[in-house]
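Asks: Take a look at upload14.cif, mmCIF, C-alpha atoms:
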```
data_input
#
loop_
_atom_site.label_atom_id
_atom_site.label_comp_id
_atom_site.auth_asym_id
_atom_site.auth_seq_id
_atom_site.Cartn_x
_atom_site.Cartn_y
_atom_site.Cartn_z
CA MET K 26 -6.64 -7.71 3.77
CA HIS K 27 -4.52 -4.71 2.73
CA VAL K 28 -4.52 -1.80 5.20
CA HIS K 29 -3.63 1.49 3.50
CA ALA K 30 -3.48 5.12 4.52
CA HIS K 31 -5.05 6.88 1.52
CA PRO K 32 -7.00 6.18 -1.64
CA ASP K 33 -4.36 5.44 -4.34
CA ASP K 34 -2.04 3.56 -1.95
CA GLU K 35 -3.76 0.27 -2.80
CA SER K 36 -2.86 0.88 -6.46
CA SER K 37 0.73 2.02 -5.97
CA LYS K 38 1.70 -0.71 -3.51
CA GLY K 39 1.01 -4.37 -4.20
CA ALA K 40 -1.69 -3.85 -6.81
CA ALA K 41 -0.38 -6.40 -9.32
CA SER K 42 -0.19 -9.16 -6.72
CA THR K 43 -3.66 -8.14 -5.53
CA ALA K 44 -5.02 -8.50 -9.07
CA MET K 45 -3.27 -11.85 -9.44
CA TYR K 46 -4.75 -13.25 -6.24
CA VAL K 47 -8.21 -11.97 -7.20
CA ALA K 48 -7.86 -13.76 -10.55
CA GLN K 49 -7.03 -16.93 -8.61
CA GLY K 50 -10.28 -16.63 -6.64
CA VAL K 51 -8.95 -15.01 -3.47
CA ASP K 52 -11.33 -12.64 -1.68
CA VAL K 53 -9.26 -9.48 -1.15
CA HIS K 54 -10.34 -6.63 1.09
CA VAL K 55 -8.78 -3.14 1.05
CA VAL K 56 -9.11 -0.93 4.10
CA THR K 57 -8.51 2.79 3.51
CA CYS K 58 -7.82 4.70 6.72
CA THR K 59 -8.43 8.25 5.46
CA GLY K 60 -10.27 9.95 2.63
CA GLY K 61 -7.16 11.58 1.21
CA GLU K 62 -8.80 14.97 1.68
CA ARG K 63 -5.50 16.82 2.03
CA GLY K 64 -3.67 14.99 -0.73
CA SER K 65 -2.10 17.27 -3.31
CA ILE K 66 -3.42 17.30 -6.86
CA LEU K 67 -0.39 15.84 -8.63
CA ASN K 68 -1.84 15.59 -12.14
CA PRO K 69 -1.67 19.06 -13.80
CA LYS K 70 -4.65 18.18 -15.99
CA MET K 71 -6.80 17.78 -12.88
CA ASP K 72 -5.55 20.88 -11.05
CA ARG K 73 -8.76 22.85 -11.47
CA PRO K 74 -10.95 24.81 -9.03
CA ASP K 75 -13.93 22.47 -9.50
CA ILE K 76 -11.77 19.48 -8.56
CA ALA K 77 -10.16 21.18 -5.56
CA GLU K 78 -13.54 22.31 -4.23
CA ASN K 79 -14.91 18.77 -4.34
CA ILE K 80 -11.73 16.80 -3.63
CA THR K 81 -13.30 14.54 -0.99
CA GLU K 82 -16.01 13.26 -3.33
CA VAL K 83 -13.63 13.11 -6.30
CA ARG K 84 -11.20 10.92 -4.40
CA ARG K 85 -14.00 8.62 -3.28
CA GLN K 86 -15.09 8.20 -6.89
CA GLU K 87 -11.50 7.49 -7.92
CA MET K 88 -11.26 4.85 -5.23
CA GLU K 89 -14.47 3.23 -6.45
CA ARG K 90 -13.04 2.95 -9.98
CA ALA K 91 -9.74 1.52 -8.74
CA ARG K 92 -11.57 -0.92 -6.49
CA ASP K 93 -13.61 -2.20 -9.43
CA ILE K 94 -10.52 -2.53 -11.65
CA LEU K 95 -8.70 -4.58 -9.00
CA GLY K 96 -11.79 -6.63 -8.13
CA VAL K 97 -11.53 -6.05 -4.39
CA ARG K 98 -13.89 -5.19 -1.57
CA GLN K 99 -13.09 -1.89 0.09
CA ASP K 100 -14.02 -0.05 3.29
CA TRP K 101 -13.16 3.36 4.70
CA LEU K 102 -12.16 3.73 8.34
CA GLY K 103 -13.31 7.35 8.12
CA PHE K 104 -10.33 9.20 9.56
CA VAL K 105 -9.22 12.60 8.28
CA ASP K 106 -6.10 12.92 6.15
CA SER K 107 -3.20 14.63 7.95
CA GLY K 108 -1.65 16.13 4.83
CA TRP K 109 2.07 16.29 4.16
CA PRO K 110 3.69 18.84 6.51
CA GLU K 111 6.15 21.06 4.67
CA GLY K 112 8.67 23.53 6.02
CA ASP K 113 11.70 23.66 8.30
CA PRO K 114 10.71 23.17 10.99
CA LYS K 115 7.62 21.33 9.86
CA PRO K 116 4.33 22.76 11.14
CA PRO K 117 2.19 20.81 13.63
CA LEU K 118 -0.34 18.41 12.20
CA PRO K 119 -3.91 19.71 11.94
CA GLU K 120 -6.14 19.04 14.93
CA GLY K 121 -8.30 15.93 14.61
CA CYS K 122 -6.28 14.33 11.83
CA PHE K 123 -5.38 10.66 11.57
CA GLY K 124 -1.70 11.22 12.35
CA LEU K 125 -2.59 12.49 15.83
CA MET K 126 -4.91 9.60 16.74
CA ASP K 127 -4.27 7.21 19.60
CA PRO K 128 -3.46 3.99 17.71
CA VAL K 129 -5.35 1.88 20.25
CA VAL K 130 -8.49 3.96 19.74
CA ALA K 131 -8.07 4.16 15.94
CA ALA K 132 -7.62 0.38 15.69
CA GLU K 133 -11.14 -0.39 16.93
CA PRO K 134 -12.95 -0.07 13.58
CA LEU K 135 -10.18 -2.08 11.93
CA VAL K 136 -10.51 -4.84 14.53
CA LYS K 137 -14.23 -4.92 13.73
CA LEU K 138 -13.52 -5.28 10.01
CA ILE K 139 -10.94 -8.03 10.62
CA ARG K 140 -13.43 -9.95 12.76
CA GLU K 141 -16.10 -9.56 10.08
CA PHE K 142 -13.96 -10.34 7.02
CA ARG K 143 -11.72 -12.92 8.75
CA PRO K 144 -8.59 -12.53 6.60
CA HIS K 145 -5.78 -15.06 6.78
CA VAL K 146 -3.18 -12.52 5.63
CA VAL K 147 -2.85 -8.82 6.48
CA THR K 148 -0.47 -6.40 4.75
CA THR K 149 0.49 -2.84 5.67
CA TYR K 150 3.56 -0.56 5.82
CA ASP K 151 6.71 -0.92 7.89
CA GLU K 152 7.45 1.18 10.96
CA ASN K 153 8.69 4.03 8.73
CA GLY K 154 5.44 4.07 6.80
CA GLY K 155 7.24 3.06 3.61
CA TYR K 156 8.05 6.77 3.56
CA PRO K 157 7.58 9.04 6.56
CA HIS K 158 4.13 10.42 5.86
CA PRO K 159 2.35 10.78 9.24
CA ASP K 160 -0.68 8.87 7.96
CA HIS K 161 1.48 5.99 6.73
CA ILE K 162 3.23 5.74 10.08
CA MET K 163 -0.11 5.81 11.91
CA CYS K 164 -1.50 3.24 9.47
CA HIS K 165 1.38 0.93 10.43
CA LYS K 166 0.67 1.39 14.14
CA VAL K 167 -3.06 0.85 13.75
CA ALA K 168 -2.69 -2.22 11.51
CA VAL K 169 -0.18 -3.90 13.83
CA GLU K 170 -2.34 -3.18 16.87
CA ALA K 171 -5.42 -4.59 15.15
CA PHE K 172 -3.59 -7.67 13.83
CA HIS K 173 -2.54 -8.69 17.32
CA ALA K 174 -5.75 -7.65 19.09
CA ALA K 175 -8.36 -9.13 16.73
CA GLY K 176 -7.80 -12.67 18.01
CA ASP K 177 -7.90 -11.72 21.69
CA PRO K 178 -11.40 -12.11 23.20
CA GLU K 179 -10.45 -9.68 25.97
CA ARG K 180 -9.69 -6.85 23.53
CA TYR K 181 -12.22 -4.57 21.86
CA PRO K 182 -15.43 -6.12 23.23
CA GLY K 183 -18.50 -5.57 21.11
CA THR K 184 -16.65 -5.68 17.78
CA GLY K 185 -17.47 -9.28 16.87
CA GLU K 186 -16.15 -12.77 17.47
CA PRO K 187 -12.34 -12.96 17.80
CA TRP K 188 -10.39 -13.83 14.67
CA GLN K 189 -6.61 -14.15 14.46
CA PRO K 190 -5.08 -13.54 11.02
CA GLN K 191 -2.26 -15.98 10.40
CA LYS K 192 0.34 -13.82 8.67
CA LEU K 193 1.37 -10.15 8.73
CA TYR K 194 3.43 -8.59 5.94
CA TYR K 195 4.97 -5.18 5.25
CA HIS K 196 5.10 -3.81 1.70
CA HIS K 197 8.59 -3.34 0.25
CA SER K 198 7.80 -3.03 -3.45
CA MET K 199 9.52 0.36 -3.79
CA ASN K 200 12.87 -0.85 -2.56
CA ARG K 201 16.27 0.48 -3.60
CA PRO K 202 17.57 -2.64 -5.39
CA ARG K 203 14.47 -2.65 -7.60
CA THR K 204 14.83 1.05 -8.33
CA GLN K 205 18.52 0.63 -9.14
CA ALA K 206 17.84 -2.34 -11.43
CA LEU K 207 15.18 -0.44 -13.38
CA HIS K 208 17.43 2.63 -13.59
CA ASP K 209 20.34 0.56 -14.93
CA ALA K 210 18.09 -1.16 -17.47
CA MET K 211 16.83 2.16 -18.80
CA LEU K 212 20.37 3.44 -19.27
CA ALA K 213 21.44 0.17 -20.90
CA HIS K 214 18.70 0.69 -23.47
CA GLY K 215 19.75 4.27 -24.11
CA LEU K 216 16.70 5.68 -22.33
CA GLU K 217 16.41 8.41 -19.71
CA SER K 218 15.75 7.09 -16.22
CA PRO K 219 13.29 8.88 -13.91
CA TYR K 220 15.26 7.65 -10.90
CA ALA K 221 18.69 9.27 -11.35
CA GLU K 222 18.25 12.10 -8.86
CA ARG K 223 16.38 9.92 -6.38
CA LEU K 224 19.11 7.28 -6.36
CA GLN K 225 21.80 9.90 -5.78
CA LYS K 226 20.06 10.91 -2.56
CA TRP K 227 19.11 7.35 -1.53
CA THR K 228 21.84 5.90 0.68
CA PRO K 229 22.18 2.13 0.21
CA ASP K 230 21.07 0.15 3.26
CA PRO K 231 21.78 -3.56 2.69
CA ALA K 232 20.44 -4.50 6.12
CA PHE K 233 17.09 -2.91 5.36
CA ASP K 234 16.95 -4.48 1.88
CA ALA K 235 17.61 -7.88 3.48
CA ARG K 236 14.31 -7.61 5.32
CA ILE K 237 12.50 -8.67 2.14
CA THR K 238 11.42 -12.27 2.60
CA THR K 239 8.75 -12.74 -0.03
CA ARG K 240 8.84 -11.98 -3.76
CA VAL K 241 5.52 -12.57 -5.51
CA GLU K 242 5.82 -13.00 -9.29
CA CYS K 243 2.92 -11.03 -10.73
CA SER K 244 4.23 -9.33 -13.88
CA GLU K 245 1.26 -10.56 -15.94
CA TRP K 246 -0.91 -8.20 -13.89
CA PHE K 247 1.24 -5.05 -14.22
CA GLY K 248 -1.28 -3.76 -16.76
CA VAL K 249 -4.13 -4.08 -14.26
CA ARG K 250 -1.97 -2.27 -11.71
CA ASP K 251 -1.43 0.57 -14.18
CA GLN K 252 -5.14 0.88 -14.90
CA ALA K 253 -5.88 1.04 -11.17
CA LEU K 254 -3.25 3.75 -10.80
CA LEU K 255 -4.76 5.78 -13.63
CA ALA K 256 -8.14 5.62 -11.90
CA HIS K 257 -6.66 7.97 -9.28
CA ALA K 258 -6.55 10.81 -11.77
CA THR K 259 -5.94 13.57 -9.21
CA GLN K 260 -2.86 11.77 -7.90
CA ILE K 261 -1.39 10.05 -10.94
CA ASP K 262 -0.18 11.96 -13.99
CA PRO K 263 -0.40 9.63 -17.01
CA ASP K 264 2.63 11.44 -18.43
CA GLY K 265 4.54 11.26 -15.15
CA PHE K 266 7.32 9.06 -13.80
CA TRP K 267 4.99 6.17 -12.93
CA PHE K 268 4.82 5.30 -16.63
CA TRP K 269 8.26 6.30 -17.89
CA ILE K 270 9.64 2.79 -17.75
CA PRO K 271 8.18 0.51 -20.45
CA ARG K 272 6.05 -2.21 -18.94
CA GLU K 273 7.91 -4.89 -20.90
CA LEU K 274 11.16 -3.75 -19.31
CA GLN K 275 9.63 -3.84 -15.85
CA GLN K 276 8.38 -7.37 -16.47
CA GLU K 277 11.82 -8.49 -17.59
CA VAL K 278 13.93 -6.73 -14.96
CA TRP K 279 11.78 -6.97 -11.82
CA PRO K 280 8.69 -9.15 -12.27
CA THR K 281 7.83 -9.34 -8.56
CA GLU K 282 6.23 -7.30 -5.81
CA ASP K 283 8.17 -7.64 -2.60
CA PHE K 284 7.13 -8.05 1.01
CA GLU K 285 8.53 -8.68 4.48
CA LEU K 286 6.99 -11.48 6.53
CA VAL K 287 6.77 -10.03 10.03
CA VAL K 288 4.51 -12.48 11.91
CA SER K 289 3.46 -15.99 10.96
CA HIS K 290 1.32 -18.32 13.03
CA VAL K 291 1.83 -21.10 10.50
CA PRO K 292 5.05 -22.86 9.45
CA SER K 293 6.50 -20.92 6.54
CA GLU K 294 10.09 -21.04 5.37
CA VAL K 295 11.67 -17.94 3.88
CA PRO K 296 12.36 -16.89 1.24
CA GLU K 297 8.79 -17.24 -0.04
CA ASP K 298 7.08 -16.60 -3.35
CA ASP K 299 3.49 -16.57 -2.06
CA LEU K 300 1.75 -14.57 0.67
CA PHE K 301 -0.28 -17.68 1.47
CA ALA K 302 2.70 -20.00 1.88
CA GLY K 303 2.15 -22.36 4.81
CA LEU K 304 -1.60 -21.84 4.97
CA GLN K 305 -3.89 -24.80 4.49
CA PRO K 306 -6.62 -24.40 1.83
CA ASP K 307 -9.38 -24.95 4.39
CA ALA K 308 -7.76 -22.86 7.14
#
```
Could the structure of this file be written out as structure tokens, please?

Replies:
Amino acid sequence: MHVHAHPDDESSKGAASTAMYVAQGVDVHVVTCTGGERGSILNPKMDRPDIAENITEVRRQEMERARDILGVRQDWLGFVDSGWPEGDPKPPLPEGCFGLMDPVVAAEPLVKLIREFRPHVVTTYDENGGYPHPDHIMCHKVAVEAFHAAGDPERYPGTGEPWQPQKLYYHHSMNRPRTQALHDAMLAHGLESPYAERLQKWTPDPAFDARITTRVECSEWFGVRDQALLAHATQIDPDGFWFWIPRELQQEVWPTEDFELVVSHVPSEVPEDDLFAGLQPDA
């Protein structure tokens, strides 16, 4: 089970490994906390009044297409997107949005889904949200709360029989070493890198990079990942930075998606190359 903040996050984080596991027969469930109602329209070709006026329905349709491309089940938790606060100082978050929820309250529908779907592995974002979007940070809090509470019969009565997932991971696919490696490879081939400015502002943090425990080789499914991304047409510009680096170069330079094993209730030695390492087939 992948727990994400917005529609499109399931396609930009861990989508190739998702597609790989689906191809292997794994039942994968995506939980989307918000509807992405306040997400900016980042594709100029879709920045039209008719899209903006119907953004909620458009983003649901985009999610349906991405879900079908990845071959996953998907559920909405139904919370309202917080938007990305801009300004200095940043304005307060809008009343009633996901970023202002009590994580214990917001975790209840996720606990119910965990108890229904009974996943062995749960993934979400780290404590910084992957990047500090208020919905990503709240998604982290809610997912961690639900992971620990779902197996406790005393917690969240009335949401189904207790079920304890065995492993909890944080996504780290957009890490600095990967970005640097792709940047260097582009320059080595005489190509312009989309990451030059970003890397200049990105202070190296070896201790944070060392948190990666699990690298899942999934380069064969990068094409499926890209198709799922393109399904989110309001968010993903097909001419934008997502697709500047040739897929063949990505497959050669960094063929994995990377995760941090945070909790494991089964014996599992790190480093790993599989999110299901240590789990028994009939667990």

Asks: Counting only C-alpha atoms, what is within 10 Å of Leu254 of chain K, bar same-chain residues fewer than 6 positions away, as a PyMOL selection string?

Replies: chain K and resi 33-38+40+87-88+90-91+94+248+260-263+267

Asks: Could you pull the residues within 7 Å of Glu170 of chain K, counting all atoms listed in the file, minus those fewer than 4 positions along the same chain, as a list in words?

Replies: Val129, Ala132, Lys166 and Ala174 of chain K

Asks: Could you work out how far atom CA of His31 of chain K lies from atom CA of Gly124 of chain K, giving the answer in Å with one decimal?

Replies: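 That distance, rounded to one decimal, is 12.1 Å.
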
Asks: Could you list, with a cut-off of 9 Å and counting only C-alpha atoms, the residues of segment 79-160 of chain K near segment 190-203 of chain K, each shown with its nearest atom pair and the distance in Å rounded to one decimal, rows sorted by chain and ascending number, as JSON lines?

Replies:
```
{"residue": "K:Ile139", "atom": "CA", "partner": "K:Pro190", "partner_atom": "CA", "distance": 8.1}
{"residue": "K:Arg143", "atom": "CA", "partner": "K:Pro190", "partner_atom": "CA", "distance": 7.0}
{"residue": "K:Pro144", "atom": "CA", "partner": "K:Pro190", "partner_atom": "CA", "distance": 5.7}
{"residue": "K:His145", "atom": "CA", "partner": "K:Pro190", "partner_atom": "CA", "distance": 4.6}
{"residue": "K:Val146", "atom": "CA", "partner": "K:Lys192", "partner_atom": "CA", "distance": 4.8}
{"residue": "K:Val147", "atom": "CA", "partner": "K:Leu193", "partner_atom": "CA", "distance": 5.0}
{"residue": "K:Thr148", "atom": "CA", "partner": "K:Tyr194", "partner_atom": "CA", "distance": 4.6}
{"residue": "K:Thr149", "atom": "CA", "partner": "K:Tyr195", "partner_atom": "CA", "distance": 5.1}
{"residue": "K:Tyr150", "atom": "CA", "partner": "K:Tyr195", "partner_atom": "CA", "distance": 4.9}
{"residue": "K:Asp151", "atom": "CA", "partner": "K:Tyr195", "partner_atom": "CA", "distance": 5.3}
{"residue": "K:Glu152", "atom": "CA", "partner": "K:Tyr195", "partner_atom": "CA", "distance": 8.9}
{"residue": "K:Gly155", "atom": "CA", "partner": "K:His197", "partner_atom": "CA", "distance": 7.4}
```

Asks: Please list as a list in words every residue within 10 Å of Ser42 of chain K, counting all atoms listed in the file and excluding residues in the same chain fewer than 2 positions away.

Replies: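 Everything that qualifies: Lys38, Gly39, Ala40, Ala44, Met45, Tyr46, Val47, Ala48, Leu95, Arg240, Val241, Glu242, Cys243, Ser244, Glu245, Trp246, Phe247, Val249, Arg250, Thr281, Glu282, Asp283, Asp299 and Leu300 of chain K.
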
Asks: Report as a list in words the full result of the PyMOL selection byres ((chain K and resi 135) around 9) when it is applied to this structure.

Replies: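 When the PyMOL selection byres ((chain K and resi 135) around 9) is applied, the selected residues are Val28, Val56, Cys58, Leu102, Ala131, Ala132, Glu133, Pro134, Val136, Lys137, Leu138, Ile139, Arg140, Val167, Ala168, Ala171, Phe172 and Ala175 of chain K.
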
Asks: Next, dump the selected residues to file, keeping only C-alpha atoms, as an mmCIF file, in the frame of the given file.

Replies:
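Output below, filename part-v6.cif:
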```
data_model
loop_
_atom_site.group_PDB
_atom_site.id
_atom_site.type_symbol
_atom_site.label_atom_id
_atom_site.label_comp_id
_atom_site.auth_asym_id
_atom_site.auth_seq_id
_atom_site.Cartn_x
_atom_site.Cartn_y
_atom_site.Cartn_z
ATOM 1 C CA VAL K 28 -4.520 -1.800 5.200
ATOM 2 C CA VAL K 56 -9.110 -0.930 4.100
ATOM 3 C CA CYS K 58 -7.820 4.700 6.720
ATOM 4 C CA LEU K 102 -12.160 3.730 8.340
ATOM 5 C CA ALA K 131 -8.070 4.160 15.940
ATOM 6 C CA ALA K 132 -7.620 0.380 15.690
ATOM 7 C CA GLU K 133 -11.140 -0.390 16.930
ATOM 8 C CA PRO K 134 -12.950 -0.070 13.580
ATOM 9 C CA VAL K 136 -10.510 -4.840 14.530
ATOM 10 C CA LYS K 137 -14.230 -4.920 13.730
ATOM 11 C CA LEU K 138 -13.520 -5.280 10.010
ATOM 12 C CA ILE K 139 -10.940 -8.030 10.620
ATOM 13 C CA ARG K 140 -13.430 -9.950 12.760
ATOM 14 C CA VAL K 167 -3.060 0.850 13.750
ATOM 15 C CA ALA K 168 -2.690 -2.220 11.510
ATOM 16 C CA ALA K 171 -5.420 -4.590 15.150
ATOM 17 C CA PHE K 172 -3.590 -7.670 13.830
ATOM 18 C CA ALA K 175 -8.360 -9.130 16.730
#
```

Asks: Do you know which residues the PyMOL selection byres ((chain K and resi 119) around 10) returns on this file, as a ChimeraX atom specification?

Replies: /K:105-108,110,116-118,120-125

Asks: Enter the distance from atom CA of Val288 of chain K to atom CA of Gln189 of chain K, in Å, rounded to one decimal.

Replies: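 If I compute the distance from atom CA of Val288 of chain K to atom CA of Gln189 of chain K, I get 11.5 Å.
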
Asks: Enter the distance from atom CA of Asp298 of chain K to atom CA of Gly154 of chain K, in Å, rounded to one decimal.

Replies: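 Separation between atom CA of Asp298 of chain K and atom CA of Gly154 of chain K: 23.1 Å.
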
Asks: Given the file shown, enumerate the residues that the PyMOL selection byres ((chain K and resi 54) around 6) captures and present them as a list in words.

Replies: Met26, Val53, Val55, Val97, Arg98 and Gln99 of chain K

Asks: With only C-alpha atoms as the counted atoms, please give the residues lying no more than 12 Å from Glu82 of chain K, apart from itself and same-chain residues fewer than 6 positions off, as a list in words.

Replies: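 Near neighbours after the sequence-gap exclusion: Pro32, Gly60, Gly61, Glu62, Asp75, Ile76, Met88, Glu89 and Thr259 of chain K.
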
Asks: Between K:Val83, K:Leu212, K:Ala253, K:Ala235, which is the closest to Gly96 of chain K once you count all atoms listed in the file?

Replies: K:Ala253

Asks: Looking at only C-alpha atoms, which of K:Phe266, K:Gly50, K:Gly176, K:Ala258 is the one that sits closest to Tyr220 of chain K?

Replies: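 Nearest to Tyr220 of chain K: K:Phe266.
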
Asks: Do you know which residues are at most 12 Å from Pro271 of chain K counting only C-alpha atoms, after dropping those on the same chain fewer than 5 positions away, and could you put them as an NGL selection string?

Replies: :K and (207-208 or 210-211 or 214 or 216-219 or 247-248 or 251 or 266 or 276-279)

Asks: Emit as JSON the padded axis-aligned box for all listed atoms of segment 295-301 of chain K, 3 Å per side, with centre and edge lengths in Å to one decimal.

Replies:
```
{"center_x": 6.0, "center_y": -16.3, "center_z": 0.3, "size_x": 18.6, "size_y": 9.4, "size_z": 13.2}
```

Asks: Of the candidates K:Phe268, K:Gly103, K:Asp230, K:His173, which one gets nearest to Ser289 of chain K if we count only C-alpha atoms?

Replies: K:His173

Asks: What residues have an atom no more than 7 Å from (-21.6, -8.6, 14.0) in the file's own frame, counting only C-alpha atoms, and can you write them as a PyMOL selection string?

Replies: chain K and resi 141+184-185

Asks: Determine the nearest neighbour of Thr239 of chain K from the options K:Asp209, K:Asp93, K:Asp72, K:Glu297, counting all atoms listed in the file.

Replies: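 The answer is K:Glu297, which sits nearest to Thr239 of chain K.
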
Asks: Would you please work out which residue, of K:Thr81, K:Gln252, K:Thr204, K:Thr238, is nearest to Leu286 of chain K when using all atoms listed in the file?

Replies: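 When distances to Leu286 of chain K are compared using all atoms listed in the file, the smallest one comes from K:Thr238.
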